[in-house]
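Here's structure-v8.cif, which has mmCIF, C-alpha atoms and all ligand atoms:
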data_entry
#
loop_
_atom_site.label_atom_id
_atom_site.label_comp_id
_atom_site.auth_asym_id
_atom_site.auth_seq_id
_atom_site.Cartn_x
_atom_site.Cartn_y
_atom_site.Cartn_z
CA MET T 1 -110.51 58.25 -163.67
CA ALA T 2 -111.87 55.99 -160.91
CA ASN T 3 -109.85 55.19 -157.81
CA GLU T 4 -107.03 52.70 -158.01
CA LEU T 5 -108.02 49.28 -156.66
CA ILE T 6 -105.01 47.01 -157.29
CA ARG T 7 -101.43 47.88 -158.12
CA MET T 8 -98.82 45.22 -158.84
CA GLN T 9 -95.43 46.92 -158.77
CA ASN T 10 -92.09 45.69 -160.14
CA ILE T 11 -93.17 42.06 -159.90
CA CYS T 12 -90.44 39.53 -160.68
CA LYS T 13 -90.83 35.77 -160.70
CA HIS T 14 -88.09 33.24 -161.32
CA TYR T 15 -88.66 29.54 -161.86
CA GLY T 16 -85.11 28.36 -161.28
CA HIS T 17 -83.07 30.06 -164.01
CA LEU T 18 -86.13 31.06 -166.02
CA GLN T 19 -87.40 34.59 -165.44
CA ALA T 20 -91.16 34.32 -166.04
CA LEU T 21 -91.90 37.92 -164.95
CA SER T 22 -89.51 40.87 -165.06
CA ASN T 23 -90.50 44.11 -163.34
CA VAL T 24 -94.16 43.85 -164.25
CA ASN T 25 -96.47 46.70 -163.32
CA LEU T 26 -100.24 46.28 -163.55
CA THR T 27 -102.95 48.55 -162.21
CA VAL T 28 -106.71 47.96 -162.03
CA HIS T 29 -109.14 50.72 -161.07
CA GLU T 30 -112.52 50.44 -159.40
CA ASN T 31 -115.28 49.43 -161.83
CA GLU T 32 -112.79 48.61 -164.55
CA ILE T 33 -112.46 45.53 -166.75
CA VAL T 34 -108.89 45.02 -167.84
CA GLY T 35 -108.12 42.57 -170.64
CA LEU T 36 -104.76 40.82 -170.17
CA LEU T 37 -103.43 39.54 -173.47
CA GLY T 38 -100.26 37.81 -174.61
CA ASP T 39 -99.06 34.84 -176.58
CA ASN T 40 -98.35 31.42 -175.04
CA GLY T 41 -95.71 31.74 -172.34
CA ALA T 42 -96.00 35.55 -172.11
CA GLY T 43 -96.46 35.36 -168.33
CA LYS T 44 -100.19 36.05 -167.91
CA SER T 45 -101.00 33.02 -165.75
CA THR T 46 -97.88 33.52 -163.64
CA LEU T 47 -98.92 37.11 -162.93
CA ILE T 48 -102.46 36.07 -162.04
CA LYS T 49 -101.27 33.21 -159.86
CA ALA T 50 -99.08 35.68 -157.98
CA LEU T 51 -102.08 37.98 -157.44
CA SER T 52 -104.30 35.12 -156.30
CA GLY T 53 -101.74 33.72 -153.85
CA ALA T 54 -101.21 30.48 -155.78
CA ILE T 55 -97.45 31.10 -156.18
CA PRO T 56 -94.98 33.28 -154.26
CA ILE T 57 -93.32 36.15 -156.13
CA THR T 58 -89.54 36.54 -156.16
CA SER T 59 -89.76 40.31 -155.61
CA GLY T 60 -92.13 43.24 -156.00
CA ASP T 61 -95.15 44.67 -154.21
CA ILE T 62 -98.90 44.26 -154.35
CA LEU T 63 -101.03 47.17 -153.15
CA VAL T 64 -104.77 47.11 -152.53
CA ARG T 65 -106.31 50.60 -152.43
CA GLY T 66 -102.84 52.04 -151.96
CA LYS T 67 -101.90 49.78 -149.04
CA LYS T 68 -99.16 47.17 -149.35
CA VAL T 69 -100.51 43.66 -148.73
CA ASP T 70 -98.92 40.26 -148.28
CA ILE T 71 -100.62 37.66 -150.48
CA ARG T 72 -99.20 34.21 -149.75
CA SER T 73 -102.30 32.05 -150.16
CA THR T 74 -105.72 31.96 -151.82
CA GLN T 75 -107.20 32.87 -148.41
CA ASP T 76 -105.00 36.00 -148.26
CA ALA T 77 -106.21 36.96 -151.75
CA ILE T 78 -109.87 36.43 -150.83
CA ALA T 79 -109.41 38.40 -147.60
CA ASN T 80 -108.12 41.26 -149.77
CA GLY T 81 -111.18 41.08 -152.04
CA ILE T 82 -109.53 39.17 -154.91
CA GLU T 83 -111.30 36.09 -156.28
CA THR T 84 -109.84 34.09 -159.16
CA ILE T 85 -111.90 31.91 -161.45
CA TYR T 86 -109.79 29.45 -163.41
CA GLN T 87 -110.77 27.63 -166.56
CA ASP T 88 -111.92 24.59 -164.58
CA SER T 89 -113.57 26.94 -162.07
CA ALA T 90 -112.54 24.95 -158.98
CA LEU T 91 -116.11 23.73 -158.48
CA VAL T 92 -116.87 20.34 -156.95
CA PRO T 93 -118.81 18.36 -159.58
CA GLN T 94 -120.48 16.04 -157.06
CA LEU T 95 -121.96 18.89 -155.01
CA SER T 96 -125.02 21.00 -155.77
CA VAL T 97 -124.98 24.51 -157.22
CA ALA T 98 -126.00 25.85 -153.80
CA ARG T 99 -123.17 24.04 -151.99
CA ASN T 100 -120.66 25.18 -154.58
CA LEU T 101 -121.69 28.80 -154.18
CA PHE T 102 -120.72 28.61 -150.51
CA LEU T 103 -117.77 26.24 -150.79
CA GLY T 104 -115.57 26.65 -147.69
CA ARG T 105 -117.75 29.49 -146.39
CA GLU T 106 -121.00 27.61 -145.62
CA PRO T 107 -123.51 29.24 -143.25
CA LEU T 108 -124.25 27.21 -140.11
CA VAL T 109 -127.31 26.91 -137.84
CA GLY T 110 -127.75 25.54 -134.35
CA PRO T 111 -125.83 25.99 -131.12
CA ARG T 112 -122.01 26.01 -131.01
CA PHE T 113 -120.44 22.52 -131.29
CA PHE T 114 -123.82 21.12 -132.45
CA ASN T 115 -124.22 23.30 -135.48
CA ARG T 116 -124.92 22.01 -138.98
CA LEU T 117 -125.02 23.39 -142.50
CA ASP T 118 -127.86 25.84 -143.07
CA HIS T 119 -129.25 24.23 -146.24
CA ARG T 120 -132.34 26.40 -146.28
CA LYS T 121 -130.29 29.61 -146.30
CA MET T 122 -127.95 28.23 -148.98
CA ASP T 123 -130.90 27.30 -151.19
CA GLU T 124 -132.59 30.68 -150.72
CA VAL T 125 -129.46 32.66 -151.53
CA ALA T 126 -128.57 30.39 -154.46
CA ARG T 127 -132.06 30.79 -155.97
CA ASP T 128 -131.86 34.58 -155.72
CA LEU T 129 -128.30 34.72 -157.05
CA LEU T 130 -128.99 32.46 -160.01
CA LYS T 131 -131.96 34.65 -160.89
CA ARG T 132 -129.81 37.77 -160.69
CA VAL T 133 -127.13 36.38 -163.00
CA GLY T 134 -129.84 35.11 -165.32
CA ILE T 135 -129.46 31.33 -165.14
CA SER T 136 -132.36 30.50 -162.83
CA LYS T 137 -134.74 29.17 -165.49
CA ASN T 138 -133.70 25.59 -165.70
CA ILE T 139 -131.36 25.22 -162.79
CA PRO T 140 -132.76 24.51 -159.32
CA PRO T 141 -130.12 25.17 -156.62
CA LEU T 142 -129.95 21.46 -155.79
CA THR T 143 -128.74 20.54 -159.29
CA GLN T 144 -125.34 18.82 -159.26
CA ILE T 145 -122.55 20.80 -160.92
CA SER T 146 -121.65 17.70 -162.99
CA SER T 147 -124.87 18.08 -164.95
CA LEU T 148 -124.21 21.72 -165.97
CA SER T 149 -122.64 22.92 -169.20
CA GLY T 150 -119.26 24.70 -169.25
CA GLY T 151 -120.90 28.12 -169.54
CA GLU T 152 -123.32 27.43 -166.70
CA ARG T 153 -120.40 26.34 -164.51
CA GLN T 154 -118.56 29.57 -165.30
CA ALA T 155 -121.74 31.45 -164.39
CA VAL T 156 -121.92 29.70 -161.01
CA ALA T 157 -118.26 30.53 -160.34
CA ILE T 158 -118.82 34.19 -161.28
CA ALA T 159 -121.99 34.29 -159.17
CA ARG T 160 -119.97 33.01 -156.22
CA ALA T 161 -117.37 35.77 -156.61
CA MET T 162 -120.16 38.35 -156.88
CA PHE T 163 -122.04 37.06 -153.84
CA PHE T 164 -118.98 37.24 -151.64
CA ASP T 165 -118.56 40.75 -152.97
CA SER T 166 -115.02 40.35 -154.22
CA ASP T 167 -113.73 43.73 -155.35
CA LEU T 168 -111.68 42.12 -158.11
CA ILE T 169 -112.77 39.05 -160.08
CA VAL T 170 -109.96 37.49 -162.09
CA LEU T 171 -111.12 35.32 -164.98
CA ASP T 172 -108.45 33.11 -166.51
CA GLU T 173 -109.61 31.94 -169.95
CA PRO T 174 -113.31 31.89 -168.99
CA THR T 175 -114.50 31.42 -172.57
CA ASN T 176 -112.15 28.62 -173.57
CA ASN T 177 -113.97 25.60 -175.03
CA LEU T 178 -117.37 27.30 -174.70
CA GLY T 179 -120.05 27.44 -177.38
CA VAL T 180 -121.37 30.69 -178.84
CA ALA T 181 -124.36 31.03 -176.49
CA GLU T 182 -122.32 30.07 -173.42
CA THR T 183 -119.61 32.56 -174.32
CA LYS T 184 -122.24 35.29 -174.67
CA GLY T 185 -123.51 34.35 -171.21
CA VAL T 186 -120.06 34.64 -169.64
CA LEU T 187 -119.43 38.00 -171.33
CA ARG T 188 -122.81 39.20 -170.06
CA PHE T 189 -121.89 38.19 -166.49
CA VAL T 190 -118.60 40.07 -166.76
CA ARG T 191 -120.46 43.25 -167.81
CA HIS T 192 -122.97 42.62 -165.02
CA ALA T 193 -120.09 42.29 -162.54
CA ARG T 194 -118.78 45.73 -163.58
CA ASP T 195 -122.26 47.27 -163.53
CA THR T 196 -122.68 46.09 -159.94
CA GLY T 197 -119.43 47.69 -158.80
CA HIS T 198 -116.81 44.97 -159.31
CA SER T 199 -113.56 45.12 -161.27
CA CYS T 200 -112.25 42.29 -163.46
CA ILE T 201 -109.08 41.07 -165.07
CA PHE T 202 -110.11 39.08 -168.12
CA ILE T 203 -107.59 36.76 -169.77
CA ALA T 204 -108.47 35.16 -173.09
CA HIS T 205 -106.72 34.00 -176.22
CA ASN T 206 -109.71 35.05 -178.29
CA ILE T 207 -109.12 38.77 -178.82
CA HIS T 208 -112.64 39.26 -180.17
CA HIS T 209 -114.09 38.19 -176.81
CA VAL T 210 -111.78 40.59 -175.01
CA PHE T 211 -112.75 43.47 -177.31
CA GLN T 212 -116.41 42.94 -176.49
CA VAL T 213 -116.14 43.55 -172.75
CA VAL T 214 -112.99 45.27 -171.58
CA ASP T 215 -112.33 48.94 -170.86
CA ARG T 216 -108.56 48.69 -171.30
CA ILE T 217 -106.12 46.17 -172.74
CA VAL T 218 -102.74 45.27 -171.24
CA VAL T 219 -100.35 43.20 -173.36
CA MET T 220 -97.52 41.00 -172.06
CA ARG T 221 -94.66 39.57 -174.05
CA GLY T 222 -91.66 37.61 -172.78
CA GLY T 223 -92.54 38.20 -169.11
CA LYS T 224 -92.90 41.98 -169.53
CA VAL T 225 -95.78 44.39 -170.01
CA VAL T 226 -95.29 45.88 -173.48
CA ALA T 227 -98.49 47.98 -173.59
CA ASP T 228 -100.83 48.89 -170.76
CA ASP T 229 -103.27 51.44 -172.05
CA ILE T 230 -104.87 50.17 -175.23
CA ASN T 231 -108.42 51.42 -175.62
CA PRO T 232 -110.44 48.74 -177.48
CA LYS T 233 -112.73 51.47 -178.84
CA CYS T 234 -109.81 53.21 -180.57
CA SER T 235 -107.75 50.20 -181.72
CA SER T 236 -108.30 47.36 -184.16
CA VAL T 237 -107.85 43.66 -183.48
CA ALA T 238 -105.02 43.62 -186.06
CA GLU T 239 -103.17 46.40 -184.22
CA VAL T 240 -103.43 44.56 -180.92
CA GLU T 241 -102.28 41.31 -182.57
CA GLN T 242 -99.18 43.16 -183.73
CA VAL T 243 -98.44 44.28 -180.18
CA ILE T 244 -98.94 40.72 -178.90
CA THR T 245 -96.59 39.11 -181.40
CA GLY T 246 -94.21 42.04 -181.87
CA ILE T 247 -94.40 41.28 -185.59
CA SER T 248 -95.77 43.90 -187.98
CA GLU T 249 -97.50 43.31 -191.33
CA ASP T 250 -94.37 44.75 -193.02
CA ASP T 251 -92.19 42.15 -191.26
CA VAL T 252 -94.47 39.38 -192.52
CA SER T 253 -94.46 40.74 -196.11
CA ALA T 254 -90.65 41.07 -196.06
CA ALA T 255 -90.25 37.49 -194.82
CA VAL T 256 -92.58 36.12 -197.52
CA ALA T 257 -90.95 38.14 -200.36
N1 LIG N 1 -94.31 25.91 -162.67
C1 LIG N 1 -93.46 26.35 -163.60
N2 LIG N 1 -92.17 25.94 -163.61
C2 LIG N 1 -91.29 26.40 -164.52
N3 LIG N 1 -91.60 27.27 -165.50
C3 LIG N 1 -92.88 27.71 -165.55
C4 LIG N 1 -93.87 27.28 -164.62
N4 LIG N 1 -95.03 27.88 -164.93
C5 LIG N 1 -94.80 28.65 -166.01
N5 LIG N 1 -93.49 28.55 -166.39
C6 LIG N 1 -92.85 29.27 -167.49
O1 LIG N 1 -93.04 30.66 -167.28
C7 LIG N 1 -93.30 31.33 -168.50
C8 LIG N 1 -94.63 32.07 -168.44
O2 LIG N 1 -95.67 31.08 -168.41
P1 LIG N 1 -97.20 31.44 -168.16
O3 LIG N 1 -97.93 30.16 -167.95
O4 LIG N 1 -97.31 32.48 -167.12
O5 LIG N 1 -97.58 32.07 -169.58
P2 LIG N 1 -99.02 32.42 -170.15
O6 LIG N 1 -98.92 33.78 -170.75
O7 LIG N 1 -100.06 32.22 -169.13
O8 LIG N 1 -99.15 31.35 -171.31
P3 LIG N 1 -100.46 30.51 -171.82
O9 LIG N 1 -101.30 31.50 -172.56
O10 LIG N 1 -99.85 29.50 -172.72
O11 LIG N 1 -101.13 29.93 -170.62
C9 LIG N 1 -93.22 30.28 -169.60
O12 LIG N 1 -91.93 30.28 -170.14
C10 LIG N 1 -93.50 28.98 -168.84
O13 LIG N 1 -92.87 27.88 -169.47
#
Take the structure from the file and write it as C-alpha cells.
Ligand SMILES: Nc1ncnc2c1ncn2[C@@H]1O[C@H](COP(=O)(O)OP(=O)(O)OP(=O)(O)O)[C@@H](O)[C@H]1O
Amino acid sequence: MANELIRMQNICKHYGHLQALSNVNLTVHENEIVGLLGDNGAGKSTLIKALSGAIPITSGDILVRGKKVDIRSTQDAIANGIETIYQDSALVPQLSVARNLFLGREPLVGPRFFNRLDHRKMDEVARDLLKRVGISKNIPPLTQISSLSGGERQAVAIARAMFFDSDLIVLDEPTNNLGVAETKGVLRFVRHARDTGHSCIFIAHNIHHVFQVVDRIVVMRGGKVVADDINPKCSSVAEVEQVITGISEDDVSAAVA
C-alpha cells in the first residue's frame, strides 16, 4: 500500500442544528483515485468544502502526510497541495486559457515595482500543458474560456491543478452535464493525473463514470461514511447502489408485494 497522503479524522460539521457530518474519517494514499459516492444530501460536498478550506469544520483533524494542518481558506488548502475543481471550475470566462491556467499565480517580468505579466511565459507553458493533457489541437492558449465546451473547461482546470503540482486534485461532479466524448476526456485526464503521480478524490452521481477510473470507493450516507474500502474491480454497480441507498433488492420486492 502506498504512503498515506491525506487523512481526515473524526470530522464533524454542524449547520445550526443540522449535523451535516458526524465523525467522518477519510484517507487518501499517494497515487490513489478515491471515488466518493452518496445520495443527495449525504455530505460529500460538505466534506470536500472542509478539505478545500471553503467552510470551517466544527471539530476533527486534517493531516497531510501524517502532519496535522490548519485549513481555513482555499490558500491554506493550495499551500498544502490540495486543489479543488468544482463543477463550474472557477475559471474566468472572459480571460484566455493561458491566463486561466495561472489565475492568481501569474509569472511577472521586469524590475520590482515596474513588473508586468509575463505573457510569453504563460503562452509557452499553456501550449506545452495543453499538448500534454491532449487538448492542444484546436485550442491556442489565447482562446477565451467562454468559447470552450464544458469538457474542455474541465480539462483546463485539471491542467492547472497538474501544472501547480497539487498532490491531491479534488473533482466535484466533473462529468455533470458533459457529453459522451467530453466525459471520456475528463476520465482520461483523471487517469493521466494518477499516472503522473497525483491523487484524486472523484465525486460523481454517475456510478458508471466512477467505476471506470477509481481505485477505491467510499460511500457516505446521512453525514457518515458507511463503506470506505469498496474495490470497483470486485463489486458490481448494483451492490454499490445498495450501499448508497441502504435499501436492498429484498426490501424493494417486499415493499412492492
Ligand atoms: N450552507 C448550508 N447551510 C445549511 N445546511 C447545509 C448547507 N450546505 C449543506 N447543508 C446540508 O448539509 C447536508 C449535506 O449536504 P451536502 O451538500 O454536503 O450533500 P451532498 O452529498 O454533497 O449532496 P448533493 O449530491 O445533493 O450535492 C444536507 O442536509 C444539506 O441540506
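Distance annotation: of T:Glu4, T:Asp70, T:Asp61, T:Asp172, the residue with the minimal separation from ligand LIG 1 (chain N) is T:Asp172; atom set is all atoms listed in the file.
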Legend entry - 10 Å shell around ligand LIG 1 (chain N) using all atoms listed in the file, listed as a PyMOL selection string: chain T and resi 13-21+36-50+55+172-173+203-205+219-223
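Shortest separation to T:Ala161 among T:Leu108, T:Val225, T:Leu95, T:Ile78 occurs at residue T:Ile78, atoms counted being only C-alpha atoms.
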Legend entry - Counting all atoms listed in the file, the residue of T:Ile230, T:Ile217, T:Met122, T:Ala2 that sits nearest T:Glu106: T:Met122
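Nearest residue to T:Arg188 among T:Thr175, T:Asn25, T:Thr58, T:Asn100 is T:Thr175, counting only C-alpha atoms.
Proximity ranking of T:Val92, T:Leu103, T:Val97, T:Val243 relative to T:Leu129 places T:Val97 first, based on all atoms listed in the file.
Between atom CA of T:Ser96 and atom CA of T:His192 there is a distance of 23.6 Å.
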Inset, instruction - Please provide as JSON, numbers by chain all residues within 10 Å of T:Asp229, with the sequence filter that same-chain residues fewer than 2 positions apart are discarded (counting all atoms listed in the file). - result: {"T": [34, 215, 216, 217, 218, 219, 226, 227, 231, 232]}
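You can rank T:Tyr86, T:Phe102, T:Phe202, T:Phe113 by their closest distance to T:Arg160 using all atoms listed in the file, and at the top of that list sits T:Phe102.
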Inset, instruction - Name the residues in contact with T:Glu182 at a cut-off of 10 Å, using only C-alpha atoms, excluding same-chain residues fewer than 4 positions from it; report them as a count of residues only. - result: 13
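The spacing separating atom CA of T:Arg116 from atom CA of T:Ala98 amounts to 15.3 Å.
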Legend entry - Two-atom distance - atom CA of T:Val190, atom CA of T:Ser236 (Å): 21.5 Å
